[in-house]
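*Asks:* Submitted below is the structure of interest, expressed as structure tokens.
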Amino acid sequence: GYQPGEIEEMFRPLRQFLIFVEAIMKEVSKAKDLSKKRGVPRGDALHALLARDNSATMVTLDRHFQKLLDIIEPKRPQDLI
């Protein structure tokens with residue numbers, strides 16, 4: 001329910017560490033397929049694909065990403081401190 005400007009303001013202190021990306025239809029379609037095959041939420045599958053395709057570090061505590069280790073190796077927040 002946040003406006004784009006509000007979201008940008010919340011992340012301003014972290015701006016040097018973040019990248020903002022938009023999914024293309026190919027990634028959305030692949031995420032849908034991956035979600036069904038691996039039993040993970042579609043959003044998690046899409047985030048894994050976006051992180052891989054943009055050479056980004058995935059930071060999460062979500063255990064669903066353990067099913068996607070061949071796509072992305074997630075990092076825990078405490079591992080980055």
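The chains in the structure tokens are called A, B, ... from first to last as shown; in each chain the residues are counted from 1, and the ligands are counted from 1 in the order shown.
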I need the residues in chain A that are helix (DSSP H, G or I) according to DSSP; give them as a PyMOL selection string.
*Replies:* chain A and resi 4-17+25-38+42-53+63-68+77-80
*Asks:* What lies within 7 Å of region 64-74 of chain A using only C-alpha atoms, ignoring chain neighbours under 5 positions off, as a ChimeraX atom specification?
*Replies:* /A:38,40,48-49,52,57-59
*Asks:* Would you mind telling me which residue in A:Gly39, A:Gln78, A:Asp53, A:Thr60 lies nearest to Lys26 (chain A) when using only C-alpha atoms?
*Replies:* A:Asp53
*Asks:* I'd like the neighbourhood of Phe20 (chain A) as a ChimeraX atom specification, where a residue qualifies if any of its atoms comes within 12 Å (using only C-alpha atoms), though same-chain residues fewer than 5 positions away should be ignored.
*Replies:* /A:4,7-8,11,14-15,47,50-51,54,56
*Asks:* Kindly indicate which residue among A:Ile81, A:Ile24, A:Arg76, A:Leu61 lies nearest to Leu46 (chain A), using only C-alpha atoms for the distances.
*Replies:*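 For Leu46 (chain A), the nearest of the candidates is A:Ile24.
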*Asks:* If you measure from CA of Lys36 (chain A) to CA of Leu18 (chain A), what distance in Å do you get, rounded to one decimal?
*Replies:* 28.7 Å
